[in-house]
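K.L.:
This structure is in structure tokens; I'll ask about it shortly.
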Amino acid sequence: MKLVMIGSGYVGLVSGVCFSEFGFTVTCVDVDADKIAMLNGGDVPIYEPGLTDMMNRNVKAGQLSFSTDLATAAKDADVIFIAVGTPSRRGDGEADLSYVFSAAREVAKHLKHGAVVVTKSTVVVGTNRKVQGIIRNERPDLDFSVVSNPEFLREGSAIEDFMRPDRVVVGVHDERGEDVMRQLYRPLNIRETPLVVSTLENAELIKYAANAFLAMKITFINEVSNLCEKTGGNVQEVAKAIGLDGRIGGKFLHAGPGFGGSCFPKDTRAFAATGERFGAPQRLIEQVIEVNETRKHEMAEKVLDALGATDGKTVAILGIAFKPNTDDVREAPSLTIIPHLQKAGVTVRAFDPEAMEPAKHHLTGVTWCKSAYEAAEGADAVVILTEWNMFRALDFAALKEIMTDQILVDLRNVYRPDEVADKGFHYVSIGRGGEERMLEQVVNG
């Protein structure tokens, strides 16, 4: 089968490359000529481990190509995926579906009879019916199918998630759509990957409900970490124990500075807005959104508390991306925390192995450094914001030599309090009030 992927952003590019790895002939189409030129030159505009090698291998094999010409690519395509962005709409938090509907109108002009249009973009319930209506209005006599196939890719491990998913969700309205999707995902049968076939509406709801629930787990454990700090508890021990309960599970129970990225913030807002529009308010998710935004400012205040007086103080921020193994800074905690620190009079030096270039468009007044140690030169405190592997074994002796004061604020709980204290550092982490209180008593006699 010949596939066309409209949109060569994160979802479209990863999905297109992985489908070509399955052996399908894939053309990725994008209106951004510079992006297509970059891809045709063998370079990937996003950072995702393993993606560049897989892409170039399949281009060389003739399975994968890139183009700005949708008309030529679509005319012989059996399956056309819509994988364009659905950002939050200003004002009400609803998903902006204009790019999806625009793609549907363009697709309608070039579809062949019997083709299947698959929405891979994250869209609110009812969108695929509207896509179906748009195409039907453009081509009343066209025989076609519409399918909803939401993605569940985590940035930093997207290839693994595509090749070894927990499940594949497919929303259909006819047998042809289901048959085609079963053929596309047949390579996963060897791993017995569950294929969940449902209605268009259910597939749309599944995507948002899944992301909203995961965001809720993150926010829940962050709230628990606050309680642990006040009561002398240890959030890591609490999370491990409750995560062993099969009804709860251990994933997404890691306390941190709040969630960010391209999915959870916009998807929770859209889910809450959809609930409001249909008269079924999603009150839990509304609270998740509010608590998560507050969390980022609370973490900035934690840094300021560790510093004491802020005048003339310098902080080294390690990690700008919202998570490791990506260069994505969209709604990253760093974009809230750094300006908060700067407003308090703190000078910020920062390092991230991948995300500094995109971050420069969002942050001003930051001194960008070439390494963690360059960022720490003359700093009063080092703050770990993103748990990149390179920050898990810092040379504390070297840091001690170059820092003005020895404060480590670990907002990802990368280290144990005792091992940092033994190096002569004042250590602040999240949700480990008991251990840090005991260390403070030992240090102070």
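Going through the structure tokens in order, the chains are called A, B, and so on, while each chain numbers its residues from 1 and the ligands are numbered from 1 in the order shown.
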Counting only C-alpha atoms, which residues in stretch 296-377 of chain A sit no more than 9 Å from stretch 257-269 of chain A? For each one, give the nearest pair of atoms and the distance in Å, sorted by chain then residue number, as CSV.
P.N.:
```
residue,atom,partner,partner_atom,distance
A:Lys296,CA,A:Pro257,CA,5.6
A:His297,CA,A:Pro257,CA,8.8
A:Glu298,CA,A:Pro257,CA,8.3
A:Met299,CA,A:Pro257,CA,6.0
A:Ala300,CA,A:Pro257,CA,8.9
A:Ala321,CA,A:Gly261,CA,8.3
A:Phe322,CA,A:Gly260,CA,5.5
A:Lys323,CA,A:Gly261,CA,7.9
A:Asp328,CA,A:Gly261,CA,6.6
A:Val329,CA,A:Gly261,CA,6.4
A:Arg330,CA,A:Gly261,CA,4.9
A:Glu331,CA,A:Gly260,CA,4.8
A:Ala332,CA,A:Gly260,CA,4.5
A:Pro333,CA,A:Gly260,CA,6.3
A:Ser334,CA,A:Pro257,CA,8.9
```
K.L.:
Return as a Markdown table the residues of stretch 260-345 of chain A lying at most 8 Å from stretch 389-413 of chain A, together with the closest atom-to-atom pair for each and the distance in Å to one decimal, counting only C-alpha atoms, with rows in chain order and ascending residue number.
P.N.:
```
| residue | atom | partner | partner_atom | distance |
| --- | --- | --- | --- | --- |
| A:Met299 | CA | A:Leu411 | CA | 7.6 |
| A:Val303 | CA | A:Val409 | CA | 6.6 |
| A:Ala306 | CA | A:Ile407 | CA | 7.4 |
| A:Leu307 | CA | A:Ile407 | CA | 7.8 |
| A:Leu318 | CA | A:Phe391 | CA | 7.6 |
| A:Pro324 | CA | A:Asn389 | CA | 7.9 |
```
K.L.:
I need the helix (DSSP H, G or I) residues of stretch 201-309 of chain A per DSSP on the backbone, written as a tab-separated table (two decimals) with N, CA and C atoms, in the first residue's frame.
P.N.:
```
chain	number	residue	atom	x	y	z
A	201	GLU	N	-16.09	8.15	17.53
A	201	GLU	CA	-16.21	8.96	18.74
A	201	GLU	C	-15.44	8.35	19.91
A	202	ASN	N	-15.51	7.05	20.06
A	202	ASN	CA	-14.79	6.42	21.18
A	202	ASN	C	-13.28	6.57	21.03
A	203	ALA	N	-12.78	6.43	19.81
A	203	ALA	CA	-11.34	6.57	19.60
A	203	ALA	C	-10.87	7.98	19.97
A	204	GLU	N	-11.68	8.97	19.62
A	204	GLU	CA	-11.34	10.36	19.96
A	204	GLU	C	-11.32	10.56	21.47
A	205	LEU	N	-12.31	9.99	22.14
A	205	LEU	CA	-12.40	10.13	23.59
A	205	LEU	C	-11.29	9.36	24.31
A	206	ILE	N	-10.92	8.20	23.79
A	206	ILE	CA	-9.88	7.38	24.41
A	206	ILE	C	-8.57	8.15	24.50
A	207	LYS	N	-8.21	8.84	23.45
A	207	LYS	CA	-6.95	9.58	23.42
A	207	LYS	C	-6.93	10.64	24.52
A	208	TYR	N	-7.96	11.46	24.58
A	208	TYR	CA	-7.99	12.53	25.57
A	208	TYR	C	-8.11	11.99	26.99
A	209	ALA	N	-8.93	10.97	27.17
A	209	ALA	CA	-9.11	10.41	28.50
A	209	ALA	C	-7.80	9.80	29.01
A	210	ALA	N	-7.05	9.15	28.13
A	210	ALA	CA	-5.78	8.55	28.53
A	210	ALA	C	-4.79	9.61	28.97
A	211	ASN	N	-4.63	10.67	28.17
A	211	ASN	CA	-3.68	11.72	28.53
A	211	ASN	C	-4.11	12.47	29.78
A	212	ALA	N	-5.41	12.70	29.91
A	212	ALA	CA	-5.91	13.39	31.10
A	212	ALA	C	-5.64	12.58	32.36
A	213	PHE	N	-5.82	11.27	32.27
A	213	PHE	CA	-5.59	10.41	33.43
A	213	PHE	C	-4.11	10.39	33.82
A	214	LEU	N	-3.23	10.31	32.83
A	214	LEU	CA	-1.80	10.31	33.13
A	214	LEU	C	-1.36	11.64	33.74
A	215	ALA	N	-1.89	12.73	33.21
A	215	ALA	CA	-1.59	14.04	33.78
A	215	ALA	C	-2.08	14.12	35.22
A	216	MET	N	-3.21	13.49	35.49
A	216	MET	CA	-3.77	13.48	36.84
A	216	MET	C	-2.86	12.68	37.79
A	217	LYS	N	-2.28	11.59	37.32
A	217	LYS	CA	-1.36	10.81	38.15
A	217	LYS	C	-0.13	11.64	38.53
A	218	ILE	N	0.41	12.37	37.55
A	218	ILE	CA	1.58	13.21	37.83
A	218	ILE	C	1.22	14.27	38.87
A	219	THR	N	0.10	14.92	38.68
A	219	THR	CA	-0.32	15.97	39.60
A	219	THR	C	-0.61	15.41	40.97
A	220	PHE	N	-1.20	14.24	41.03
A	220	PHE	CA	-1.49	13.60	42.31
A	220	PHE	C	-0.22	13.36	43.11
A	221	ILE	N	0.79	12.77	42.48
A	221	ILE	CA	2.01	12.46	43.23
A	221	ILE	C	2.76	13.73	43.60
A	222	ASN	N	2.62	14.79	42.80
A	222	ASN	CA	3.22	16.07	43.18
A	222	ASN	C	2.55	16.64	44.43
A	223	GLU	N	1.24	16.50	44.52
A	223	GLU	CA	0.53	16.93	45.71
A	223	GLU	C	0.94	16.10	46.93
A	224	VAL	N	1.09	14.79	46.72
A	224	VAL	CA	1.54	13.91	47.80
A	224	VAL	C	2.94	14.30	48.26
A	225	SER	N	3.79	14.69	47.33
A	225	SER	CA	5.16	15.08	47.70
A	225	SER	C	5.15	16.29	48.62
A	226	ASN	N	4.21	17.22	48.40
A	226	ASN	CA	4.10	18.37	49.30
A	226	ASN	C	3.75	17.92	50.72
A	227	LEU	N	2.85	16.96	50.81
A	227	LEU	CA	2.46	16.44	52.13
A	227	LEU	C	3.62	15.71	52.79
A	228	CYS	N	4.39	14.98	51.98
A	228	CYS	CA	5.55	14.27	52.53
A	228	CYS	C	6.55	15.25	53.14
A	229	GLU	N	6.77	16.35	52.47
A	229	GLU	CA	7.71	17.34	52.98
A	229	GLU	C	7.26	17.90	54.32
A	230	LYS	N	5.95	18.07	54.49
A	230	LYS	CA	5.42	18.65	55.73
A	230	LYS	C	5.40	17.64	56.88
A	231	THR	N	5.31	16.36	56.55
A	231	THR	CA	5.11	15.34	57.58
A	231	THR	C	6.34	14.47	57.84
A	235	VAL	N	8.37	10.70	49.38
A	235	VAL	CA	7.44	10.47	48.28
A	235	VAL	C	7.86	9.30	47.40
A	236	GLN	N	9.16	9.04	47.30
A	236	GLN	CA	9.61	7.93	46.47
A	236	GLN	C	9.19	6.59	47.06
A	237	GLU	N	9.27	6.47	48.37
A	237	GLU	CA	8.84	5.24	49.01
A	237	GLU	C	7.32	5.08	48.93
A	238	VAL	N	6.62	6.18	49.11
A	238	VAL	CA	5.16	6.15	49.00
A	238	VAL	C	4.75	5.75	47.59
A	239	ALA	N	5.37	6.37	46.58
A	239	ALA	CA	5.02	6.09	45.18
A	239	ALA	C	5.33	4.64	44.82
A	240	LYS	N	6.46	4.15	45.29
A	240	LYS	CA	6.83	2.76	44.98
A	240	LYS	C	5.81	1.79	45.55
A	241	ALA	N	5.40	2.03	46.79
A	241	ALA	CA	4.47	1.13	47.45
A	241	ALA	C	3.09	1.15	46.80
A	242	ILE	N	2.57	2.35	46.53
A	242	ILE	CA	1.24	2.38	45.92
A	242	ILE	C	1.28	1.91	44.48
A	243	GLY	N	2.44	2.11	43.81
A	243	GLY	CA	2.56	1.67	42.43
A	243	GLY	C	2.59	0.17	42.27
A	264	PHE	N	0.23	16.86	27.19
A	264	PHE	CA	-0.57	16.95	28.40
A	264	PHE	C	-1.18	18.34	28.64
A	265	PRO	N	-0.41	19.44	28.51
A	265	PRO	CA	-1.03	20.74	28.78
A	265	PRO	C	-2.21	21.05	27.85
A	266	LYS	N	-2.00	20.89	26.54
A	266	LYS	CA	-3.07	21.25	25.61
A	266	LYS	C	-4.22	20.24	25.63
A	267	ASP	N	-3.88	18.96	25.87
A	267	ASP	CA	-4.93	17.94	25.86
A	267	ASP	C	-5.81	18.02	27.09
A	268	THR	N	-5.23	18.35	28.25
A	268	THR	CA	-6.08	18.52	29.43
A	268	THR	C	-6.98	19.74	29.27
A	269	ARG	N	-6.45	20.81	28.69
A	269	ARG	CA	-7.29	21.99	28.46
A	269	ARG	C	-8.43	21.68	27.50
A	270	ALA	N	-8.10	20.96	26.43
A	270	ALA	CA	-9.14	20.63	25.44
A	270	ALA	C	-10.18	19.68	26.02
A	271	PHE	N	-9.73	18.73	26.84
A	271	PHE	CA	-10.66	17.77	27.46
A	271	PHE	C	-11.61	18.50	28.41
A	272	ALA	N	-11.06	19.43	29.19
A	272	ALA	CA	-11.89	20.21	30.11
A	272	ALA	C	-12.86	21.10	29.33
A	273	ALA	N	-12.37	21.71	28.26
A	273	ALA	CA	-13.23	22.58	27.45
A	273	ALA	C	-14.35	21.78	26.77
A	274	THR	N	-14.03	20.58	26.33
A	274	THR	CA	-15.05	19.72	25.71
A	274	THR	C	-16.13	19.36	26.73
A	275	GLY	N	-15.70	19.01	27.94
A	275	GLY	CA	-16.66	18.70	28.98
A	275	GLY	C	-17.59	19.87	29.26
A	276	GLU	N	-17.02	21.07	29.30
A	276	GLU	CA	-17.83	22.27	29.54
A	276	GLU	C	-18.81	22.49	28.39
A	277	ARG	N	-18.34	22.27	27.17
A	277	ARG	CA	-19.19	22.51	25.99
A	277	ARG	C	-20.38	21.54	25.96
A	283	ARG	N	-14.30	18.15	36.30
A	283	ARG	CA	-13.79	18.95	37.42
A	283	ARG	C	-12.41	18.49	37.89
A	284	LEU	N	-12.18	17.19	37.89
A	284	LEU	CA	-10.86	16.69	38.29
A	284	LEU	C	-9.77	17.25	37.38
A	285	ILE	N	-10.04	17.24	36.09
A	285	ILE	CA	-9.04	17.71	35.14
A	285	ILE	C	-8.87	19.22	35.21
A	286	GLU	N	-9.94	19.93	35.49
A	286	GLU	CA	-9.82	21.37	35.68
A	286	GLU	C	-8.88	21.67	36.85
A	287	GLN	N	-8.99	20.89	37.92
A	287	GLN	CA	-8.09	21.06	39.07
A	287	GLN	C	-6.66	20.67	38.72
A	288	VAL	N	-6.50	19.62	37.91
A	288	VAL	CA	-5.17	19.20	37.47
A	288	VAL	C	-4.46	20.34	36.75
A	289	ILE	N	-5.17	21.00	35.85
A	289	ILE	CA	-4.59	22.12	35.09
A	289	ILE	C	-4.14	23.22	36.04
A	290	GLU	N	-5.00	23.58	36.96
A	290	GLU	CA	-4.68	24.67	37.89
A	290	GLU	C	-3.51	24.31	38.79
A	291	VAL	N	-3.54	23.11	39.36
A	291	VAL	CA	-2.48	22.69	40.27
A	291	VAL	C	-1.15	22.60	39.55
A	292	ASN	N	-1.16	22.13	38.31
A	292	ASN	CA	0.10	21.99	37.58
A	292	ASN	C	0.74	23.34	37.29
A	293	GLU	N	-0.06	24.33	36.96
A	293	GLU	CA	0.49	25.66	36.71
A	293	GLU	C	1.05	26.26	38.00
A	294	THR	N	0.33	26.06	39.09
A	294	THR	CA	0.81	26.56	40.38
A	294	THR	C	2.10	25.86	40.79
A	295	ARG	N	2.19	24.60	40.47
A	295	ARG	CA	3.36	23.79	40.83
A	295	ARG	C	4.66	24.42	40.31
A	296	LYS	N	4.64	24.89	39.10
A	296	LYS	CA	5.86	25.45	38.51
A	296	LYS	C	6.35	26.67	39.28
A	297	HIS	N	5.42	27.50	39.70
A	297	HIS	CA	5.80	28.67	40.50
A	297	HIS	C	6.27	28.25	41.90
A	298	GLU	N	5.65	27.22	42.46
A	298	GLU	CA	6.09	26.71	43.75
A	298	GLU	C	7.53	26.20	43.69
A	299	MET	N	7.89	25.59	42.57
A	299	MET	CA	9.26	25.08	42.44
A	299	MET	C	10.26	26.23	42.32
A	300	ALA	N	9.87	27.31	41.68
A	300	ALA	CA	10.73	28.49	41.63
A	300	ALA	C	10.93	29.06	43.02
A	301	GLU	N	9.86	29.07	43.81
A	301	GLU	CA	9.96	29.56	45.18
A	301	GLU	C	10.84	28.64	46.03
A	302	LYS	N	10.83	27.36	45.75
A	302	LYS	CA	11.70	26.42	46.47
A	302	LYS	C	13.17	26.77	46.22
A	303	VAL	N	13.48	27.14	44.99
A	303	VAL	CA	14.85	27.55	44.66
A	303	VAL	C	15.20	28.84	45.40
A	304	LEU	N	14.29	29.79	45.40
A	304	LEU	CA	14.54	31.06	46.07
A	304	LEU	C	14.72	30.87	47.58
A	305	ASP	N	13.94	29.96	48.17
A	305	ASP	CA	14.08	29.68	49.60
A	305	ASP	C	15.45	29.09	49.91
A	306	ALA	N	15.94	28.24	49.00
A	306	ALA	CA	17.26	27.63	49.20
A	306	ALA	C	18.36	28.68	49.12
A	307	LEU	N	18.16	29.69	48.30
A	307	LEU	CA	19.15	30.75	48.13
A	307	LEU	C	19.18	31.72	49.31
```
K.L.:
What is the atom CA of A:Ala375 to atom CA of A:Ile430 distance in Å?
P.N.:
22.4 Å
K.L.:
Report the distance between atom CA of A:Thr367 and atom CA of A:Phe351 in Å, rounded to one decimal place.
P.N.:
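Distance reported for this atom pair: 8.8 Å.
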K.L.:
Report the distance between atom CA of A:Leu184 and atom CA of A:Gly23 in Å, rounded to one decimal place.
P.N.:
9.8 Å
K.L.:
Need to verify the contact set: A:Thr199, 12 Å, only C-alpha atoms, exclusion of same-chain residues closer than 2 positions in sequence. Can you return it as a ChimeraX atom specification?
P.N.:
/A:125-126,128-129,146-149,169-175,177-178,196-197,201-206
K.L.:
Could you list, as a PyMOL selection string, every residue within 9 Å of A:Gly114, counting only C-alpha atoms and ignoring same-chain residues fewer than 5 positions away?
P.N.:
chain A and resi 78+142-145+176
K.L.:
Would you write out, as a Markdown table, a table of all residues in stretch 330-439 of chain A that have an atom no more than 12 Å from an atom of stretch 38-62 of chain A, listing for each the closest atom pair and the distance in Å to one decimal, considering only C-alpha atoms and ordering rows by chain and rising residue number?
P.N.:
```
| residue | atom | partner | partner_atom | distance |
| --- | --- | --- | --- | --- |
| A:Pro353 | CA | A:Tyr47 | CA | 10.5 |
| A:Glu354 | CA | A:Tyr47 | CA | 7.4 |
| A:Ala355 | CA | A:Tyr47 | CA | 8.9 |
| A:Glu357 | CA | A:Ile46 | CA | 11.5 |
| A:Pro358 | CA | A:Ile46 | CA | 10.2 |
```
